[in-house]
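Below is one structure, written out as structure tokens; the observations come after it.
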Amino acid sequence: MTDPPVMVGHRCTSCLRIAFPPDPYGCEQCGVSATELEEFELEAKGSVRAVATVHRHHHPTPATPFTVGVVELVGGPVLKAIVEGDAVAVGDSVTGVLVDGEDHEGNPIVDLHFRVVT
Ligand SMILES: [Zn+2]
């Protein structure tokens with residue numbers, strides 16, 4: 001594992017759009033086929049666009065409360081992930097960390113979270 005993690009997405013060779021997760025069928029922006037996409041490594045770094053604290057949900061893990069952020073990666077893609085910290089705010093810079101956890105059935109997984117960079 002790398003620290004911070006490296007995320008493998010796609011870059012369109014036609015319009016240069018970067019996608020994460022990778023587009024399986026082609027570019028969502030210009031429509032070229034998947035053969036025109038190349039692997040592209042993204043650092044798990046970005047900034048928080050939106051944030052919400054989850055107090056109740058229908059699975060035992062992750063334990064509540066936890067914070068979900070909409071994170072805009074430095075390369076452009078936007079994703080949702082758990083953001084660790086007590087007072088996560090829009091505009092905070094974050095970096096990705098790999099965290100050992102469990103899926104909803106109790107199986108061990110490695111999950112990508114983000115932490116606020118101070
Ligand atoms: Zn494209």
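Within each chain, counting starts at residue 1; across the structure tokens, chains are named A, B, ... in the order shown, with ligands numbered 1 upward in that order.
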
Write out, as a Markdown table, each residue of chain A that has an atom at most 9 Å from ligand 1, together with the closest pair of atoms and their distance in Å to one decimal, counting only C-alpha atoms and all ligand atoms, rows going by chain and rising number.
```
| residue | atom | partner | partner_atom_place_in_ligand_line | distance |
| --- | --- | --- | --- | --- |
| A:Arg11 | CA | ligand 1 | 1 (Zn) | 7.8 |
| A:Cys12 | CA | ligand 1 | 1 (Zn) | 4.6 |
| A:Thr13 | CA | ligand 1 | 1 (Zn) | 6.7 |
| A:Ser14 | CA | ligand 1 | 1 (Zn) | 5.1 |
| A:Cys15 | CA | ligand 1 | 1 (Zn) | 4.1 |
| A:Leu16 | CA | ligand 1 | 1 (Zn) | 5.9 |
| A:Arg17 | CA | ligand 1 | 1 (Zn) | 5.5 |
| A:Ile18 | CA | ligand 1 | 1 (Zn) | 8.4 |
| A:Gly26 | CA | ligand 1 | 1 (Zn) | 7.8 |
| A:Cys27 | CA | ligand 1 | 1 (Zn) | 4.6 |
| A:Glu28 | CA | ligand 1 | 1 (Zn) | 6.7 |
| A:Gln29 | CA | ligand 1 | 1 (Zn) | 5.1 |
| A:Cys30 | CA | ligand 1 | 1 (Zn) | 4.1 |
| A:Gly31 | CA | ligand 1 | 1 (Zn) | 6.1 |
| A:Val32 | CA | ligand 1 | 1 (Zn) | 6.0 |
| A:Ser33 | CA | ligand 1 | 1 (Zn) | 8.8 |
| A:Glu36 | CA | ligand 1 | 1 (Zn) | 8.2 |
| A:Leu37 | CA | ligand 1 | 1 (Zn) | 8.0 |
```

Pull N, CA and C atoms from the residues just selected and write them as an mmCIF file, in the first residue's frame.
```cif
data_model
loop_
_atom_site.group_PDB
_atom_site.id
_atom_site.type_symbol
_atom_site.label_atom_id
_atom_site.label_comp_id
_atom_site.auth_asym_id
_atom_site.auth_seq_id
_atom_site.Cartn_x
_atom_site.Cartn_y
_atom_site.Cartn_z
ATOM 1 N N ARG A 11 -8.174 8.467 -17.993
ATOM 2 C CA ARG A 11 -8.128 9.776 -18.648
ATOM 3 C C ARG A 11 -8.481 9.557 -20.104
ATOM 4 N N CYS A 12 -9.382 10.368 -20.591
ATOM 5 C CA CYS A 12 -9.792 10.300 -21.993
ATOM 6 C C CYS A 12 -8.679 10.902 -22.850
ATOM 7 N N THR A 13 -8.263 10.177 -23.879
ATOM 8 C CA THR A 13 -7.198 10.690 -24.748
ATOM 9 C C THR A 13 -7.728 11.752 -25.714
ATOM 10 N N SER A 14 -9.052 11.870 -25.814
ATOM 11 C CA SER A 14 -9.641 12.857 -26.723
ATOM 12 C C SER A 14 -9.881 14.195 -26.018
ATOM 13 N N CYS A 15 -10.649 14.183 -24.915
ATOM 14 C CA CYS A 15 -11.001 15.446 -24.250
ATOM 15 C C CYS A 15 -10.253 15.647 -22.937
ATOM 16 N N LEU A 16 -9.467 14.663 -22.518
ATOM 17 C CA LEU A 16 -8.623 14.713 -21.316
ATOM 18 C C LEU A 16 -9.417 14.670 -20.003
ATOM 19 N N ARG A 17 -10.717 14.340 -20.066
ATOM 20 C CA ARG A 17 -11.496 14.190 -18.830
ATOM 21 C C ARG A 17 -10.895 13.066 -18.009
ATOM 22 N N ILE A 18 -10.790 13.296 -16.716
ATOM 23 C CA ILE A 18 -10.294 12.280 -15.793
ATOM 24 C C ILE A 18 -11.485 11.743 -15.019
ATOM 25 N N GLY A 26 -16.760 4.029 -21.849
ATOM 26 C CA GLY A 26 -16.242 5.113 -22.669
ATOM 27 C C GLY A 26 -16.329 6.416 -21.903
ATOM 28 N N CYS A 27 -15.980 7.499 -22.573
ATOM 29 C CA CYS A 27 -15.944 8.809 -21.917
ATOM 30 C C CYS A 27 -17.349 9.377 -21.771
ATOM 31 N N GLU A 28 -17.718 9.751 -20.557
ATOM 32 C CA GLU A 28 -19.029 10.339 -20.312
ATOM 33 C C GLU A 28 -19.126 11.759 -20.855
ATOM 34 N N GLN A 29 -17.996 12.387 -21.131
ATOM 35 C CA GLN A 29 -18.026 13.784 -21.574
ATOM 36 C C GLN A 29 -18.101 13.904 -23.095
ATOM 37 N N CYS A 30 -17.233 13.175 -23.813
ATOM 38 C CA CYS A 30 -17.197 13.357 -25.271
ATOM 39 C C CYS A 30 -17.691 12.128 -26.030
ATOM 40 N N GLY A 31 -17.889 10.998 -25.324
ATOM 41 C CA GLY A 31 -18.523 9.849 -25.949
ATOM 42 C C GLY A 31 -17.608 8.866 -26.657
ATOM 43 N N VAL A 32 -16.285 9.051 -26.625
ATOM 44 C CA VAL A 32 -15.417 8.077 -27.290
ATOM 45 C C VAL A 32 -15.496 6.742 -26.556
ATOM 46 N N SER A 33 -15.146 5.660 -27.245
ATOM 47 C CA SER A 33 -15.249 4.323 -26.650
ATOM 48 C C SER A 33 -14.159 4.117 -25.597
ATOM 49 N N GLU A 36 -10.355 4.351 -26.058
ATOM 50 C CA GLU A 36 -9.695 5.664 -26.110
ATOM 51 C C GLU A 36 -9.371 6.198 -24.714
ATOM 52 N N LEU A 37 -9.564 5.355 -23.683
ATOM 53 C CA LEU A 37 -9.270 5.772 -22.315
ATOM 54 C C LEU A 37 -7.974 5.124 -21.867
#
```

Expected answer as a PyMOL selection string: strand (DSSP E) residues in range 2-117 of chain A: chain A and resi 6-12+18-19+37-43+45-54+66-73+78-84+93-102+108-116

d(CA of Arg49 in chain A, CA of Val70 in chain A) in Å: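 Pair CA of Arg49 in chain A / CA of Val70 in chain A returns 5.4 Å.
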
Exercise: Leu98 in chain A partners within 9 Å, only C-alpha atoms, chain neighbours under 3 positions left out, as a VMD selection string: chain A and resid 1 to 5 110 to 114

Residues within 9 Å of Gly101 in chain A, only C-alpha atoms, excluding chain neighbours under 6 positions, as a ChimeraX atom specification: /A:61-62,107-111

Gap from CA of Lys80 in chain A to CA of Val68 in chain A - Å, one decimal: 6.7 Å

Best match for closeness to Ala34 in chain A among A:Val94, A:Gly46, A:Thr53, A:His10, counting only C-alpha atoms: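 The answer is A:His10, which sits nearest to Ala34 in chain A.
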
Could you list, as a PDB file with N, CA and C atoms, in the first residue's frame, every residue within 12 Å of Ala52 in chain A, counting only C-alpha atoms and ignoring same-chain residues fewer than 3 positions away?
```pdb
ATOM      1  N   VAL A  48     -12.916  19.338   0.489  1.00  0.00           N
ATOM      2  CA  VAL A  48     -14.295  18.987   0.823  1.00  0.00           C
ATOM      3  C   VAL A  48     -15.236  19.994   0.176  1.00  0.00           C
ATOM      4  N   ARG A  49     -16.203  19.485  -0.621  1.00  0.00           N
ATOM      5  CA  ARG A  49     -17.215  20.332  -1.257  1.00  0.00           C
ATOM      6  C   ARG A  49     -18.492  20.395  -0.438  1.00  0.00           C
ATOM      7  N   HIS A  55     -26.015  10.045  11.747  1.00  0.00           N
ATOM      8  CA  HIS A  55     -26.270   9.640  13.133  1.00  0.00           C
ATOM      9  C   HIS A  55     -26.962   8.281  13.219  1.00  0.00           C
ATOM     10  N   ARG A  56     -27.707   7.927  12.150  1.00  0.00           N
ATOM     11  CA  ARG A  56     -28.385   6.628  12.125  1.00  0.00           C
ATOM     12  C   ARG A  56     -28.326   6.087  10.716  1.00  0.00           C
ATOM     13  N   PRO A  65     -21.714   8.256  15.401  1.00  0.00           N
ATOM     14  CA  PRO A  65     -21.840   9.095  14.215  1.00  0.00           C
ATOM     15  C   PRO A  65     -20.563   9.058  13.380  1.00  0.00           C
ATOM     16  N   PHE A  66     -20.719   9.275  12.069  1.00  0.00           N
ATOM     17  CA  PHE A  66     -19.557   9.451  11.197  1.00  0.00           C
ATOM     18  C   PHE A  66     -19.897  10.525  10.171  1.00  0.00           C
ATOM     19  N   THR A  67     -18.872  11.050   9.553  1.00  0.00           N
ATOM     20  CA  THR A  67     -19.046  12.160   8.618  1.00  0.00           C
ATOM     21  C   THR A  67     -18.770  11.694   7.201  1.00  0.00           C
ATOM     22  N   VAL A  68     -19.688  11.990   6.309  1.00  0.00           N
ATOM     23  CA  VAL A  68     -19.499  11.704   4.886  1.00  0.00           C
ATOM     24  C   VAL A  68     -19.247  13.027   4.178  1.00  0.00           C
ATOM     25  N   GLY A  69     -18.213  13.043   3.365  1.00  0.00           N
ATOM     26  CA  GLY A  69     -17.893  14.248   2.619  1.00  0.00           C
ATOM     27  C   GLY A  69     -17.948  13.993   1.125  1.00  0.00           C
ATOM     28  N   VAL A  70     -18.304  15.023   0.393  1.00  0.00           N
ATOM     29  CA  VAL A  70     -18.135  15.024  -1.059  1.00  0.00           C
ATOM     30  C   VAL A  70     -16.767  15.648  -1.282  1.00  0.00           C
ATOM     31  N   VAL A  71     -15.838  14.838  -1.796  1.00  0.00           N
ATOM     32  CA  VAL A  71     -14.444  15.264  -1.931  1.00  0.00           C
ATOM     33  C   VAL A  71     -14.101  15.456  -3.400  1.00  0.00           C
ATOM     34  N   LYS A  80     -17.700  10.446  -2.932  1.00  0.00           N
ATOM     35  CA  LYS A  80     -18.157  10.504  -1.547  1.00  0.00           C
ATOM     36  C   LYS A  80     -17.339   9.524  -0.733  1.00  0.00           C
ATOM     37  N   ALA A  81     -16.976   9.927   0.474  1.00  0.00           N
ATOM     38  CA  ALA A  81     -16.205   9.047   1.350  1.00  0.00           C
ATOM     39  C   ALA A  81     -16.364   9.523   2.790  1.00  0.00           C
ATOM     40  N   ILE A  82     -16.037   8.638   3.704  1.00  0.00           N
ATOM     41  CA  ILE A  82     -15.995   9.031   5.107  1.00  0.00           C
ATOM     42  C   ILE A  82     -14.812   9.959   5.304  1.00  0.00           C
ATOM     43  N   VAL A  83     -15.055  11.081   5.980  1.00  0.00           N
ATOM     44  CA  VAL A  83     -14.002  12.038   6.308  1.00  0.00           C
ATOM     45  C   VAL A  83     -13.858  12.032   7.820  1.00  0.00           C
ATOM     46  N   GLU A  84     -12.662  11.708   8.285  1.00  0.00           N
ATOM     47  CA  GLU A  84     -12.414  11.618   9.723  1.00  0.00           C
ATOM     48  C   GLU A  84     -12.091  12.994  10.283  1.00  0.00           C
ATOM     49  N   ASP A  86     -13.363  15.904  13.817  1.00  0.00           N
ATOM     50  CA  ASP A  86     -14.461  16.370  14.652  1.00  0.00           C
ATOM     51  C   ASP A  86     -15.246  17.514  14.026  1.00  0.00           C
ATOM     52  N   ALA A  87     -14.589  18.351  13.265  1.00  0.00           N
ATOM     53  CA  ALA A  87     -15.268  19.535  12.739  1.00  0.00           C
ATOM     54  C   ALA A  87     -14.908  19.705  11.268  1.00  0.00           C
ATOM     55  N   VAL A  88     -15.296  18.735  10.454  1.00  0.00           N
ATOM     56  CA  VAL A  88     -15.007  18.795   9.024  1.00  0.00           C
ATOM     57  C   VAL A  88     -15.870  19.895   8.406  1.00  0.00           C
ATOM     58  N   ALA A  89     -15.257  20.726   7.575  1.00  0.00           N
ATOM     59  CA  ALA A  89     -15.985  21.846   6.983  1.00  0.00           C
ATOM     60  C   ALA A  89     -15.724  21.927   5.488  1.00  0.00           C
ATOM     61  N   VAL A  90     -16.673  22.519   4.782  1.00  0.00           N
ATOM     62  CA  VAL A  90     -16.518  22.754   3.347  1.00  0.00           C
ATOM     63  C   VAL A  90     -15.258  23.585   3.135  1.00  0.00           C
TER      64      VAL A  90
END
```

Among listed residues A:Ala50, A:Pro77, A:Glu39, A:Glu72, nearest Ala19 in chain A (using only C-alpha atoms):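 Selected residue with least distance to Ala19 in chain A: A:Pro77.
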
Surrounding residues of Gly9 in chain A excluding itself and chain neighbours under 4 positions, 9 Å, only C-alpha atoms, as a ChimeraX atom specification: /A:18-23,38-42

What does the file look like for those residues with N, CA and C atoms, as a JSON list (two decimals), in the first residue's frame?
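So again-v4.json came out as:
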```json
[["chain", "number", "residue", "atom", "x", "y", "z"],
["A", 18, "ILE", "N", -10.79, 13.30, -16.72],
["A", 18, "ILE", "CA", -10.29, 12.28, -15.79],
["A", 18, "ILE", "C", -11.48, 11.74, -15.02],
["A", 19, "ALA", "N", -11.59, 10.42, -14.94],
["A", 19, "ALA", "CA", -12.73, 9.79, -14.27],
["A", 19, "ALA", "C", -12.25, 8.85, -13.18],
["A", 20, "PHE", "N", -12.95, 8.90, -12.04],
["A", 20, "PHE", "CA", -12.76, 7.92, -10.98],
["A", 20, "PHE", "C", -14.10, 7.69, -10.34],
["A", 21, "PRO", "N", -14.58, 6.46, -10.25],
["A", 21, "PRO", "CA", -13.94, 5.26, -10.76],
["A", 21, "PRO", "C", -13.88, 5.26, -12.28],
["A", 22, "PRO", "N", -13.06, 4.37, -12.86],
["A", 22, "PRO", "CA", -12.90, 4.36, -14.32],
["A", 22, "PRO", "C", -14.25, 4.17, -15.03],
["A", 23, "ASP", "N", -14.39, 4.84, -16.17],
["A", 23, "ASP", "CA", -15.59, 4.67, -17.01],
["A", 23, "ASP", "C", -15.46, 3.35, -17.76],
["A", 38, "GLU", "N", -7.19, 5.86, -21.10],
["A", 38, "GLU", "CA", -5.95, 5.31, -20.57],
["A", 38, "GLU", "C", -5.97, 5.39, -19.05],
["A", 39, "GLU", "N", -5.26, 4.43, -18.41],
["A", 39, "GLU", "CA", -5.18, 4.46, -16.96],
["A", 39, "GLU", "C", -4.51, 5.75, -16.51],
["A", 40, "PHE", "N", -5.00, 6.26, -15.41],
["A", 40, "PHE", "CA", -4.46, 7.52, -14.90],
["A", 40, "PHE", "C", -4.41, 7.43, -13.38],
["A", 41, "GLU", "N", -3.26, 7.68, -12.80],
["A", 41, "GLU", "CA", -3.11, 7.60, -11.34],
["A", 41, "GLU", "C", -3.43, 8.94, -10.70],
["A", 42, "LEU", "N", -4.29, 8.87, -9.70],
["A", 42, "LEU", "CA", -4.69, 10.06, -8.95],
["A", 42, "LEU", "C", -4.20, 9.92, -7.52]]
```

Gap from CA of Ala44 in chain A to CA of Val97 in chain A - Å, one decimal: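 Going from CA of Ala44 in chain A over to CA of Val97 in chain A covers 8.0 Å.
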